[in-house]
Amino acid sequence: MTEFKPIRILNRIPGALSYKGRIESVFAIDMIVYNKEHIERESFSSVETCEKYIEAIEGEETVWLNVTGLNNVEEINMLGMLFDMPTNILEQIVNVSRQSNFRMTPDWIYSVFQMIYLHGDKIEFEHLGIFTEGRFVLTFQEKEGDVFDSVRERMMNALGHIRSKKADYLYYSLLDAMVDNYLDVMEKIKYDINLMEEAIIEEERVDAKAIHALRKSILMLRMTTSETDRLLGRIALGSGYTFTTTDQYYLDSLSDHNRELVNELSLQREVVNALFENHMLNNSNDMNTIMTTLTIFSAIFIPLSFLAGIFGMNFLYMPGLDYAHGFALFIGICLTIVAVMITLFKVKRWF
């Protein structure tokens, strides 16, 4: 086990940004500017070069900035100043945690999610922040790589409605991509649960760490989907940031899918808890079987040890010591005792 190294800085100055994660990544901004007629994509290694490009943008294009490298707090702070983001939002961006939450005003909406997706057969968890204001959407990630490639493909190839709609629809598209990956992860979890259930029913040995990993994945997925459900509920009530009527329809549909996922997670959590209980029960039964077998062997040898102890005493005169077939008779008696005891245990169904 590696040595614990605390990452929280005590007594820091209020409002000062401090990265709480453990991933060191190069700062980069992937910017996509688009409308119905055209689309541009540029990459930047600093906020200074990106700022000049943003100032040169004219018209009503929607702008998506995907920021990676949250450990570069100076660049994050400069980006926050560029978009006049509140200090507490910037603190949440670099305060990497497993919690999901959101902040909403009539002018902007900021949300923190766990970006949960499959990398091969492994479930990955990554901190993701999304800030939406006007025609700008900013996403903040710790490292390169995310679940939004399908969104980028639709943008670049003008598929669907994304190029003809504003930032609200882009925000919905990002949430929809995350929920789709949640569903993929849920299917993987259900598949693993079924395999584990079959193994437990067949009384095969199951790794307890695998059960705990499933419980952790379900817990993390439930935490972020529950917060997503609360966010979509607030949007549906129209309290805070306002979406257009057409985009509200898509968000309502997304809310239904997310709520189904929340309910499914509750069910699978109960299934995993039951599997863990059955796993512990199987282990107890195995231990009981082992102890029963050892007890029966011990019980069988009790009278044999008693007889051996008697005839092993160093008396000068003992009956049967001078008998020519004494040893064979002693062995016969021992075998008879063993047979009678085993038969008795079988009749009583002790094993």
# chains A, B, ... in the order shown; residues from 1 in each chain; ligands from 1
call {"tool": "residues_around", "arguments": {"residues": "A:Leu261", "least_positions_apart": "3", "cutoff": "8 Å", "atoms": "only C-alpha atoms", "output": "PyMOL selection string"}}
result
chain A and resi 183+225+257-258+264-265
call {"tool": "write_last_selection", "arguments": {"atoms": "all heavy atoms", "output": "mmCIF file, in the first residue's frame"}}
result
data_model
loop_
_atom_site.group_PDB
_atom_site.id
_atom_site.type_symbol
_atom_site.label_atom_id
_atom_site.label_comp_id
_atom_site.auth_asym_id
_atom_site.auth_seq_id
_atom_site.Cartn_x
_atom_site.Cartn_y
_atom_site.Cartn_z
ATOM 1 N N LEU A 183 -25.711 4.756 -18.748
ATOM 2 C CA LEU A 183 -26.487 3.563 -19.106
ATOM 3 C C LEU A 183 -25.572 2.419 -19.527
ATOM 4 O O LEU A 183 -25.821 1.257 -19.182
ATOM 5 C CB LEU A 183 -27.466 3.908 -20.234
ATOM 6 C CG LEU A 183 -28.609 4.852 -19.858
ATOM 7 C CD1 LEU A 183 -29.363 5.298 -21.115
ATOM 8 C CD2 LEU A 183 -29.561 4.184 -18.886
ATOM 9 N N THR A 225 -26.182 10.522 -10.616
ATOM 10 C CA THR A 225 -27.470 10.525 -11.313
ATOM 11 C C THR A 225 -28.558 11.172 -10.455
ATOM 12 O O THR A 225 -29.461 11.828 -10.990
ATOM 13 C CB THR A 225 -27.895 9.102 -11.685
ATOM 14 O OG1 THR A 225 -27.842 8.252 -10.531
ATOM 15 C CG2 THR A 225 -26.997 8.533 -12.770
ATOM 16 N N HIS A 257 -35.265 9.539 -18.739
ATOM 17 C CA HIS A 257 -34.263 8.480 -18.856
ATOM 18 C C HIS A 257 -33.388 8.423 -17.607
ATOM 19 O O HIS A 257 -33.062 7.333 -17.107
ATOM 20 C CB HIS A 257 -33.381 8.722 -20.084
ATOM 21 C CG HIS A 257 -34.063 8.425 -21.379
ATOM 22 N ND1 HIS A 257 -34.707 9.385 -22.111
ATOM 23 C CD2 HIS A 257 -34.213 7.275 -22.077
ATOM 24 C CE1 HIS A 257 -35.225 8.851 -23.203
ATOM 25 N NE2 HIS A 257 -34.944 7.561 -23.203
ATOM 26 N N ASN A 258 -33.020 9.586 -17.103
ATOM 27 C CA ASN A 258 -32.160 9.621 -15.918
ATOM 28 C C ASN A 258 -32.891 9.063 -14.700
ATOM 29 O O ASN A 258 -32.300 8.355 -13.873
ATOM 30 C CB ASN A 258 -31.704 11.051 -15.655
ATOM 31 C CG ASN A 258 -30.662 11.141 -14.562
ATOM 32 O OD1 ASN A 258 -29.493 10.849 -14.764
ATOM 33 N ND2 ASN A 258 -31.087 11.546 -13.372
ATOM 34 N N GLU A 264 -33.300 2.027 -11.501
ATOM 35 C CA GLU A 264 -32.586 0.782 -11.790
ATOM 36 C C GLU A 264 -31.390 0.616 -10.856
ATOM 37 O O GLU A 264 -31.089 -0.493 -10.397
ATOM 38 C CB GLU A 264 -32.122 0.778 -13.246
ATOM 39 C CG GLU A 264 -31.388 -0.482 -13.682
ATOM 40 C CD GLU A 264 -32.279 -1.712 -13.684
ATOM 41 O OE1 GLU A 264 -33.515 -1.549 -13.842
ATOM 42 O OE2 GLU A 264 -31.757 -2.825 -13.529
ATOM 43 N N LEU A 265 -30.723 1.722 -10.554
ATOM 44 C CA LEU A 265 -29.583 1.662 -9.636
ATOM 45 C C LEU A 265 -30.027 1.248 -8.237
ATOM 46 O O LEU A 265 -29.317 0.504 -7.548
ATOM 47 C CB LEU A 265 -28.879 3.019 -9.586
ATOM 48 C CG LEU A 265 -28.017 3.363 -10.797
ATOM 49 C CD1 LEU A 265 -27.615 4.831 -10.768
ATOM 50 C CD2 LEU A 265 -26.768 2.491 -10.845
#
call {"tool": "closest_residue", "arguments": {"among": "A:Ile337, A:Ala328, A:Leu251, A:Met291", "to": "A:Arg234", "atoms": "only C-alpha atoms"}}
result
A:Leu251
call {"tool": "closest_residue", "arguments": {"among": "A:Glu48, A:Asp256, A:Glu61, A:Glu24", "to": "A:Lys165", "atoms": "only C-alpha atoms"}}
result
A:Glu61
call {"tool": "atom_distance", "arguments": {"atom1": "atom CA of A:Arg205", "atom2": "atom CA of A:Asn283"}}
result
8.6 Å
call {"tool": "closest_residue", "arguments": {"among": "A:Ile123, A:Val271, A:Val179, A:Met78", "to": "A:Ser217", "atoms": "only C-alpha atoms"}}
result
A:Ile123
call {"tool": "residues_around", "arguments": {"residues": "A:Ile39", "least_positions_apart": "5", "cutoff": "9 Å", "atoms": "only C-alpha atoms", "output": "PyMOL selection string"}}
result
chain A and resi 32-34+61+155-156+163
call {"tool": "select_by_dssp", "arguments": {"residues": "stretch 129-199 of chain A", "states": "alpha helix (DSSP H)", "output": "CSV table (one decimal) with all heavy atoms, in the first residue's frame"}}
result
chain,number,residue,atom,x,y,z
A,149,ASP,N,-17.2,12.6,-27.7
A,149,ASP,CA,-16.8,12.5,-29.1
A,149,ASP,C,-18.0,12.5,-30.1
A,149,ASP,O,-18.0,13.0,-31.2
A,149,ASP,CB,-16.0,11.2,-29.3
A,149,ASP,CG,-14.6,11.4,-28.7
A,149,ASP,OD1,-14.1,12.5,-28.5
A,149,ASP,OD2,-13.9,10.4,-28.5
A,150,SER,N,-19.1,11.9,-29.6
A,150,SER,CA,-20.3,11.8,-30.5
A,150,SER,C,-20.9,13.2,-30.7
A,150,SER,O,-21.4,13.5,-31.8
A,150,SER,CB,-21.4,10.9,-29.8
A,150,SER,OG,-21.7,11.4,-28.5
A,151,VAL,N,-20.8,14.1,-29.7
A,151,VAL,CA,-21.3,15.4,-29.8
A,151,VAL,C,-20.4,16.2,-30.8
A,151,VAL,O,-20.9,16.9,-31.7
A,151,VAL,CB,-21.2,16.2,-28.4
A,151,VAL,CG1,-21.7,17.6,-28.6
A,151,VAL,CG2,-22.1,15.4,-27.4
A,152,ARG,N,-19.1,16.0,-30.7
A,152,ARG,CA,-18.2,16.7,-31.7
A,152,ARG,C,-18.4,16.2,-33.1
A,152,ARG,O,-18.4,17.0,-34.0
A,152,ARG,CB,-16.7,16.4,-31.3
A,152,ARG,CG,-16.3,17.0,-29.9
A,152,ARG,CD,-14.8,16.8,-29.6
A,152,ARG,NE,-14.5,17.3,-28.3
A,152,ARG,CZ,-14.4,16.6,-27.2
A,152,ARG,NH1,-14.7,15.3,-27.2
A,152,ARG,NH2,-14.1,17.2,-26.1
A,153,GLU,N,-18.7,14.9,-33.2
A,153,GLU,CA,-18.9,14.4,-34.6
A,153,GLU,C,-20.2,15.0,-35.2
A,153,GLU,O,-20.2,15.3,-36.4
A,153,GLU,CB,-19.1,12.8,-34.5
A,153,GLU,CG,-19.3,12.2,-35.8
A,153,GLU,CD,-19.5,10.7,-35.7
A,153,GLU,OE1,-19.4,10.2,-34.6
A,153,GLU,OE2,-19.7,10.0,-36.8
A,154,ARG,N,-21.2,15.1,-34.4
A,154,ARG,CA,-22.5,15.8,-34.9
A,154,ARG,C,-22.2,17.2,-35.3
A,154,ARG,O,-22.8,17.7,-36.2
A,154,ARG,CB,-23.6,15.7,-33.8
A,154,ARG,CG,-23.9,14.2,-33.5
A,154,ARG,CD,-25.3,14.1,-32.9
A,154,ARG,NE,-25.7,15.0,-32.0
A,154,ARG,CZ,-25.7,14.9,-30.6
A,154,ARG,NH1,-25.2,13.7,-30.2
A,154,ARG,NH2,-26.1,15.8,-29.8
A,155,MET,N,-21.4,17.9,-34.5
A,155,MET,CA,-21.0,19.3,-34.8
A,155,MET,C,-20.3,19.4,-36.2
A,155,MET,O,-20.7,20.1,-37.1
A,155,MET,CB,-20.2,19.9,-33.7
A,155,MET,CG,-20.9,20.2,-32.5
A,155,MET,SD,-19.7,21.0,-31.3
A,155,MET,CE,-20.8,21.4,-30.0
A,156,MET,N,-19.2,18.6,-36.3
A,156,MET,CA,-18.3,18.7,-37.4
A,156,MET,C,-19.1,18.3,-38.7
A,156,MET,O,-18.8,18.8,-39.8
A,156,MET,CB,-17.1,17.9,-37.2
A,156,MET,CG,-16.3,18.2,-36.0
A,156,MET,SD,-15.9,20.0,-35.8
A,156,MET,CE,-14.8,20.2,-37.2
A,167,ALA,N,-26.6,27.6,-27.3
A,167,ALA,CA,-25.8,26.9,-26.2
A,167,ALA,C,-26.6,26.0,-25.3
A,167,ALA,O,-26.1,25.1,-24.7
A,167,ALA,CB,-25.0,28.0,-25.4
A,168,ASP,N,-27.9,26.4,-25.1
A,168,ASP,CA,-28.8,25.6,-24.3
A,168,ASP,C,-28.8,24.1,-24.8
A,168,ASP,O,-28.8,23.2,-24.0
A,168,ASP,CB,-30.2,26.1,-24.3
A,168,ASP,CG,-30.2,27.5,-23.6
A,168,ASP,OD1,-29.2,27.9,-23.0
A,168,ASP,OD2,-31.3,28.2,-23.7
A,169,TYR,N,-28.9,24.0,-26.1
A,169,TYR,CA,-29.0,22.6,-26.7
A,169,TYR,C,-27.7,21.9,-26.6
A,169,TYR,O,-27.6,20.7,-26.4
A,169,TYR,CB,-29.4,22.7,-28.2
A,169,TYR,CG,-29.7,21.4,-28.8
A,169,TYR,CD1,-30.9,20.7,-28.6
A,169,TYR,CD2,-28.7,20.7,-29.5
A,169,TYR,CE1,-31.2,19.5,-29.2
A,169,TYR,CE2,-29.0,19.5,-30.1
A,169,TYR,CZ,-30.2,18.9,-29.9
A,169,TYR,OH,-30.4,17.7,-30.5
A,170,LEU,N,-26.6,22.7,-26.7
A,170,LEU,CA,-25.3,22.1,-26.5
A,170,LEU,C,-25.1,21.5,-25.0
A,170,LEU,O,-24.6,20.4,-24.8
A,170,LEU,CB,-24.2,23.1,-26.8
A,170,LEU,CG,-22.7,22.6,-26.4
A,170,LEU,CD1,-22.4,21.4,-27.2
A,170,LEU,CD2,-21.7,23.8,-26.8
A,171,TYR,N,-25.6,22.3,-24.1
A,171,TYR,CA,-25.6,21.9,-22.7
A,171,TYR,C,-26.4,20.6,-22.5
A,171,TYR,O,-26.0,19.6,-21.9
A,171,TYR,CB,-26.2,23.0,-21.8
A,171,TYR,CG,-26.1,22.6,-20.3
A,171,TYR,CD1,-25.0,22.7,-19.6
A,171,TYR,CD2,-27.3,22.3,-19.7
A,171,TYR,CE1,-24.9,22.4,-18.2
A,171,TYR,CE2,-27.3,22.0,-18.3
A,171,TYR,CZ,-26.1,22.1,-17.6
A,171,TYR,OH,-26.1,21.8,-16.3
A,172,TYR,N,-27.6,20.5,-23.1
A,172,TYR,CA,-28.4,19.3,-23.1
A,172,TYR,C,-27.6,18.2,-23.7
A,172,TYR,O,-27.6,17.0,-23.2
A,172,TYR,CB,-29.7,19.5,-23.8
A,172,TYR,CG,-30.3,18.3,-24.4
A,172,TYR,CD1,-30.9,17.3,-23.6
A,172,TYR,CD2,-30.2,18.0,-25.8
A,172,TYR,CE1,-31.4,16.2,-24.1
A,172,TYR,CE2,-30.7,16.8,-26.3
A,172,TYR,CZ,-31.3,15.9,-25.5
A,172,TYR,OH,-31.8,14.8,-26.0
A,173,SER,N,-27.0,18.4,-24.9
A,173,SER,CA,-26.3,17.3,-25.6
A,173,SER,C,-25.1,16.7,-24.7
A,173,SER,O,-24.9,15.5,-24.8
A,173,SER,CB,-25.7,17.9,-26.9
A,173,SER,OG,-26.7,18.3,-27.8
A,174,LEU,N,-24.4,17.6,-24.0
A,174,LEU,CA,-23.4,17.1,-23.1
A,174,LEU,C,-24.0,16.3,-22.0
A,174,LEU,O,-23.4,15.2,-21.7
A,174,LEU,CB,-22.6,18.3,-22.5
A,174,LEU,CG,-21.9,19.2,-23.5
A,174,LEU,CD1,-21.2,20.3,-22.8
A,174,LEU,CD2,-20.9,18.4,-24.4
A,175,LEU,N,-25.1,16.7,-21.4
A,175,LEU,CA,-25.7,15.9,-20.4
A,175,LEU,C,-26.2,14.6,-20.9
A,175,LEU,O,-26.1,13.5,-20.3
A,175,LEU,CB,-26.9,16.7,-19.7
A,175,LEU,CG,-26.6,17.9,-18.9
A,175,LEU,CD1,-27.8,18.5,-18.3
A,175,LEU,CD2,-25.6,17.6,-17.8
A,176,ASP,N,-26.8,14.6,-22.1
A,176,ASP,CA,-27.3,13.4,-22.8
A,176,ASP,C,-26.2,12.4,-23.0
A,176,ASP,O,-26.4,11.2,-22.8
A,176,ASP,CB,-28.0,13.8,-24.1
A,176,ASP,CG,-28.7,12.6,-24.7
A,176,ASP,OD1,-29.5,12.0,-24.1
A,176,ASP,OD2,-28.3,12.3,-25.9
A,177,ALA,N,-25.0,12.9,-23.4
A,177,ALA,CA,-23.9,12.0,-23.7
A,177,ALA,C,-23.4,11.4,-22.4
A,177,ALA,O,-23.1,10.2,-22.4
A,177,ALA,CB,-22.7,12.8,-24.3
A,178,MET,N,-23.4,12.1,-21.3
A,178,MET,CA,-23.0,11.5,-20.0
A,178,MET,C,-24.0,10.5,-19.6
A,178,MET,O,-23.6,9.4,-19.1
A,178,MET,CB,-22.9,12.6,-19.0
A,178,MET,CG,-21.7,13.5,-19.1
A,178,MET,SD,-21.3,14.4,-17.6
A,178,MET,CE,-22.8,15.4,-17.4
A,179,VAL,N,-25.3,10.8,-19.7
A,179,VAL,CA,-26.3,9.8,-19.3
A,179,VAL,C,-26.3,8.6,-20.1
A,179,VAL,O,-26.5,7.4,-19.6
A,179,VAL,CB,-27.7,10.5,-19.3
A,179,VAL,CG1,-28.8,9.4,-19.1
A,179,VAL,CG2,-27.9,11.6,-18.3
A,180,ASP,N,-26.0,8.7,-21.4
A,180,ASP,CA,-25.8,7.5,-22.3
A,180,ASP,C,-24.7,6.6,-21.8
A,180,ASP,O,-24.8,5.4,-21.8
A,180,ASP,CB,-25.6,7.9,-23.7
A,180,ASP,CG,-26.8,8.4,-24.4
A,180,ASP,OD1,-27.9,8.2,-23.9
A,180,ASP,OD2,-26.7,9.1,-25.5
A,181,ASN,N,-23.6,7.3,-21.3
A,181,ASN,CA,-22.5,6.5,-20.8
A,181,ASN,C,-22.8,5.9,-19.4
A,181,ASN,O,-22.4,4.8,-19.1
A,181,ASN,CB,-21.2,7.3,-20.7
A,181,ASN,CG,-20.5,7.5,-22.0
A,181,ASN,OD1,-19.6,6.7,-22.3
A,181,ASN,ND2,-20.9,8.4,-22.8
A,182,TYR,N,-23.6,6.6,-18.7
A,182,TYR,CA,-24.1,6.0,-17.4
A,182,TYR,C,-24.9,4.7,-17.7
A,182,TYR,O,-24.8,3.7,-17.0
A,182,TYR,CB,-25.0,7.0,-16.7
A,182,TYR,CG,-24.4,8.2,-16.2
A,182,TYR,CD1,-25.1,9.4,-15.9
A,182,TYR,CD2,-23.0,8.3,-16.0
A,182,TYR,CE1,-24.5,10.5,-15.4
A,182,TYR,CE2,-22.4,9.5,-15.6
A,182,TYR,CZ,-23.2,10.6,-15.3
A,182,TYR,OH,-22.6,11.7,-14.8
A,183,LEU,N,-25.7,4.8,-18.7
A,183,LEU,CA,-26.5,3.6,-19.1
A,183,LEU,C,-25.6,2.4,-19.5
A,183,LEU,O,-25.8,1.3,-19.2
A,183,LEU,CB,-27.5,3.9,-20.2
A,183,LEU,CG,-28.6,4.9,-19.9
A,183,LEU,CD1,-29.4,5.3,-21.1
A,183,LEU,CD2,-29.6,4.2,-18.9
A,184,ASP,N,-24.5,2.7,-20.3
A,184,ASP,CA,-23.5,1.7,-20.7
A,184,ASP,C,-22.9,1.1,-19.4
A,184,ASP,O,-22.7,-0.1,-19.3
A,184,ASP,CB,-22.5,2.3,-21.6
A,184,ASP,CG,-23.0,2.5,-23.0
A,184,ASP,OD1,-24.0,2.0,-23.3
A,184,ASP,OD2,-22.3,3.3,-23.7
A,185,VAL,N,-22.5,2.0,-18.5
A,185,VAL,CA,-21.9,1.5,-17.3
A,185,VAL,C,-22.9,0.6,-16.5
A,185,VAL,O,-22.5,-0.4,-15.9
A,185,VAL,CB,-21.4,2.7,-16.4
A,185,VAL,CG1,-20.9,2.2,-15.0
A,185,VAL,CG2,-20.3,3.4,-17.1
A,186,MET,N,-24.1,1.0,-16.5
A,186,MET,CA,-25.2,0.3,-15.8
A,186,MET,C,-25.3,-1.1,-16.4
A,186,MET,O,-25.5,-2.1,-15.7
A,186,MET,CB,-26.5,1.0,-15.8
A,186,MET,CG,-27.6,0.4,-15.1
A,186,MET,SD,-27.4,0.5,-13.3
A,186,MET,CE,-26.9,-1.1,-12.8
A,187,GLU,N,-25.3,-1.2,-17.7
A,187,GLU,CA,-25.4,-2.5,-18.4
A,187,GLU,C,-24.2,-3.4,-18.0
A,187,GLU,O,-24.3,-4.6,-17.8
A,187,GLU,CB,-25.5,-2.3,-19.9
A,187,GLU,CG,-26.8,-1.7,-20.4
A,187,GLU,CD,-28.0,-2.5,-20.0
A,187,GLU,OE1,-27.9,-3.8,-20.1
A,187,GLU,OE2,-29.0,-2.0,-19.6
A,188,LYS,N,-23.0,-2.8,-17.9
A,188,LYS,CA,-21.8,-3.6,-17.5
A,188,LYS,C,-21.9,-4.0,-16.1
A,188,LYS,O,-21.6,-5.2,-15.8
A,188,LYS,CB,-20.6,-2.7,-17.7
A,188,LYS,CG,-19.2,-3.3,-17.2
A,188,LYS,CD,-18.9,-4.5,-18.0
A,188,LYS,CE,-17.4,-4.9,-17.8
A,188,LYS,NZ,-17.2,-5.3,-16.4
A,189,ILE,N,-22.5,-3.2,-15.2
A,189,ILE,CA,-22.6,-3.6,-13.8
A,189,ILE,C,-23.6,-4.7,-13.8
A,189,ILE,O,-23.4,-5.7,-13.0
A,189,ILE,CB,-23.1,-2.4,-13.0
A,189,ILE,CG1,-22.0,-1.4,-12.9
A,189,ILE,CG2,-23.6,-2.8,-11.6
A,189,ILE,CD1,-22.4,-0.1,-12.1
A,190,LYS,N,-24.7,-4.7,-14.5
A,190,LYS,CA,-25.7,-5.7,-14.5
A,190,LYS,C,-25.2,-7.0,-15.0
A,190,LYS,O,-25.5,-8.1,-14.5
A,190,LYS,CB,-27.0,-5.3,-15.3
A,190,LYS,CG,-27.8,-4.2,-14.7
A,190,LYS,CD,-28.9,-3.7,-15.6
A,190,LYS,CE,-29.9,-4.7,-16.0
A,190,LYS,NZ,-31.0,-4.2,-16.8
A,191,TYR,N,-24.3,-6.9,-16.0
A,191,TYR,CA,-23.7,-8.1,-16.6
A,191,TYR,C,-22.8,-8.8,-15.5
A,191,TYR,O,-22.8,-10.0,-15.3
A,191,TYR,CB,-22.9,-7.7,-17.8
A,191,TYR,CG,-22.1,-8.9,-18.4
A,191,TYR,CD1,-22.7,-9.9,-19.2
A,191,TYR,CD2,-20.7,-9.0,-18.2
A,191,TYR,CE1,-21.9,-10.9,-19.7
A,191,TYR,CE2,-19.9,-10.0,-18.7
A,191,TYR,CZ,-20.6,-11.0,-19.5
A,191,TYR,OH,-19.8,-12.0,-20.1
A,192,ASP,N,-22.0,-8.0,-14.8
A,192,ASP,CA,-21.1,-8.5,-13.8
A,192,ASP,C,-21.9,-9.1,-12.6
A,192,ASP,O,-21.5,-10.1,-12.1
A,192,ASP,CB,-20.2,-7.4,-13.3
A,192,ASP,CG,-19.1,-6.9,-14.3
A,192,ASP,OD1,-18.9,-7.7,-15.3
A,192,ASP,OD2,-18.6,-5.8,-14.2
A,193,ILE,N,-23.0,-8.4,-12.3
A,193,ILE,CA,-23.9,-9.0,-11.2
A,193,ILE,C,-24.4,-10.3,-11.6
A,193,ILE,O,-24.5,-11.2,-10.8
A,193,ILE,CB,-25.0,-8.0,-10.9
A,193,ILE,CG1,-24.4,-6.7,-10.2
A,193,ILE,CG2,-26.1,-8.6,-10.1
A,193,ILE,CD1,-25.4,-5.6,-10.0
A,194,ASN,N,-24.9,-10.5,-12.9
A,194,ASN,CA,-25.4,-11.8,-13.3
A,194,ASN,C,-24.4,-12.9,-13.2
A,194,ASN,O,-24.6,-14.0,-12.8
A,194,ASN,CB,-26.0,-11.6,-14.7
A,194,ASN,CG,-27.2,-10.8,-14.8
A,194,ASN,OD1,-28.0,-10.7,-13.8
A,194,ASN,ND2,-27.5,-10.2,-15.9
A,195,LEU,N,-23.1,-12.5,-13.7
A,195,LEU,CA,-22.1,-13.5,-13.6
A,195,LEU,C,-21.8,-13.9,-12.1
A,195,LEU,O,-21.6,-15.1,-11.8
A,195,LEU,CB,-20.8,-13.0,-14.2
A,195,LEU,CG,-20.8,-12.8,-15.8
A,195,LEU,CD1,-19.4,-12.3,-16.2
A,195,LEU,CD2,-21.1,-14.1,-16.5
A,196,MET,N,-21.8,-12.9,-11.3
A,196,MET,CA,-21.5,-13.2,-9.9
A,196,MET,C,-22.6,-14.0,-9.2
A,196,MET,O,-22.4,-14.9,-8.4
A,196,MET,CB,-21.3,-11.9,-9.2
A,196,MET,CG,-20.6,-12.0,-7.8
A,196,MET,SD,-20.1,-10.3,-7.2
A,196,MET,CE,-18.9,-9.9,-8.5
A,197,GLU,N,-23.8,-13.7,-9.6
A,197,GLU,CA,-25.0,-14.4,-9.1
A,197,GLU,C,-24.9,-15.9,-9.5
A,197,GLU,O,-25.2,-16.7,-8.7
A,197,GLU,CB,-26.3,-13.7,-9.6
A,197,GLU,CG,-27.5,-14.2,-9.0
A,197,GLU,CD,-28.8,-13.5,-9.4
A,197,GLU,OE1,-28.7,-12.8,-10.5
A,197,GLU,OE2,-29.8,-13.5,-8.7
A,198,GLU,N,-24.6,-16.1,-10.8
A,198,GLU,CA,-24.5,-17.5,-11.2
A,198,GLU,C,-23.4,-18.3,-10.4
A,198,GLU,O,-23.5,-19.4,-10.0
A,198,GLU,CB,-24.2,-17.6,-12.7
A,198,GLU,CG,-25.3,-17.1,-13.6
A,198,GLU,CD,-24.9,-17.1,-15.0
A,198,GLU,OE1,-23.8,-17.5,-15.3
A,198,GLU,OE2,-25.8,-16.7,-15.9
A,199,ALA,N,-22.3,-17.6,-10.2
A,199,ALA,CA,-21.2,-18.2,-9.4
A,199,ALA,C,-21.6,-18.5,-8.0
A,199,ALA,O,-21.3,-19.6,-7.5
A,199,ALA,CB,-19.9,-17.3,-9.4
call {"tool": "residues_around", "arguments": {"residues": "A:Leu232", "least_positions_apart": "2", "cutoff": "8 Å", "atoms": "only C-alpha atoms", "output": "VMD selection string"}}
result
chain A and resid 228 to 230 234 to 236 251 to 252 255
call {"tool": "select_by_dssp", "arguments": {"residues": "stretch 114-263 of chain A", "states": "strand (DSSP E or B)", "output": "ChimeraX atom specification"}}
result
/A:114-119,122-133,136-141
call {"tool": "atom_distance", "arguments": {"atom1": "atom CA of A:Val340", "atom2": "atom CA of A:Pro319"}}
result
24.8 Å
call {"tool": "closest_residue", "arguments": {"among": "A:Val147, A:Ile162, A:Leu17, A:Leu79", "to": "A:Gln92", "atoms": "only C-alpha atoms"}}
result
A:Leu17
call {"tool": "closest_residue", "arguments": {"among": "A:Ser18, A:Thr87, A:Phe301, A:Leu219", "to": "A:Ile116", "atoms": "only C-alpha atoms"}}
result
A:Leu219
call {"tool": "closest_residue", "arguments": {"among": "A:Val96, A:Val206, A:Met341, A:Met115", "to": "A:Arg22", "atoms": "only C-alpha atoms"}}
result
A:Val96
call {"tool": "decode", "arguments": {"residues": "stretch 307-318 of chain A", "atoms": "N, CA and C atoms", "output": "compact mmCIF listing (two decimals), in the first residue's frame"}}
result
# COMPACT_ATOMS: atom_id res chain seq x y z
N LEU A 307 -8.78 -46.57 23.71
CA LEU A 307 -8.28 -47.96 23.71
C LEU A 307 -6.76 -48.00 23.61
N ALA A 308 -6.22 -47.14 22.73
CA ALA A 308 -4.76 -47.11 22.59
C ALA A 308 -4.10 -46.69 23.89
N GLY A 309 -4.74 -45.75 24.60
CA GLY A 309 -4.18 -45.32 25.88
C GLY A 309 -4.19 -46.42 26.91
N ILE A 310 -5.25 -47.21 26.94
CA ILE A 310 -5.34 -48.31 27.91
C ILE A 310 -4.25 -49.35 27.66
N PHE A 311 -4.17 -49.80 26.38
CA PHE A 311 -3.20 -50.86 26.09
C PHE A 311 -1.77 -50.31 25.99
N GLY A 312 -1.62 -49.03 26.10
CA GLY A 312 -0.27 -48.47 26.09
C GLY A 312 0.28 -48.26 27.48
N MET A 313 -0.51 -48.61 28.51
CA MET A 313 -0.03 -48.44 29.89
C MET A 313 1.05 -49.48 30.21
N ASN A 314 2.00 -49.10 31.03
CA ASN A 314 3.17 -49.93 31.32
C ASN A 314 2.98 -50.84 32.56
N PHE A 315 1.81 -51.53 32.59
CA PHE A 315 1.62 -52.53 33.66
C PHE A 315 2.30 -53.84 33.27
N LEU A 316 2.79 -54.54 34.27
CA LEU A 316 3.48 -55.80 33.98
C LEU A 316 2.51 -56.88 33.55
N TYR A 317 1.33 -56.91 34.16
CA TYR A 317 0.35 -57.93 33.83
C TYR A 317 -0.91 -57.25 33.29
N MET A 318 -1.22 -57.50 32.02
CA MET A 318 -2.44 -56.99 31.39
C MET A 318 -3.07 -58.09 30.57
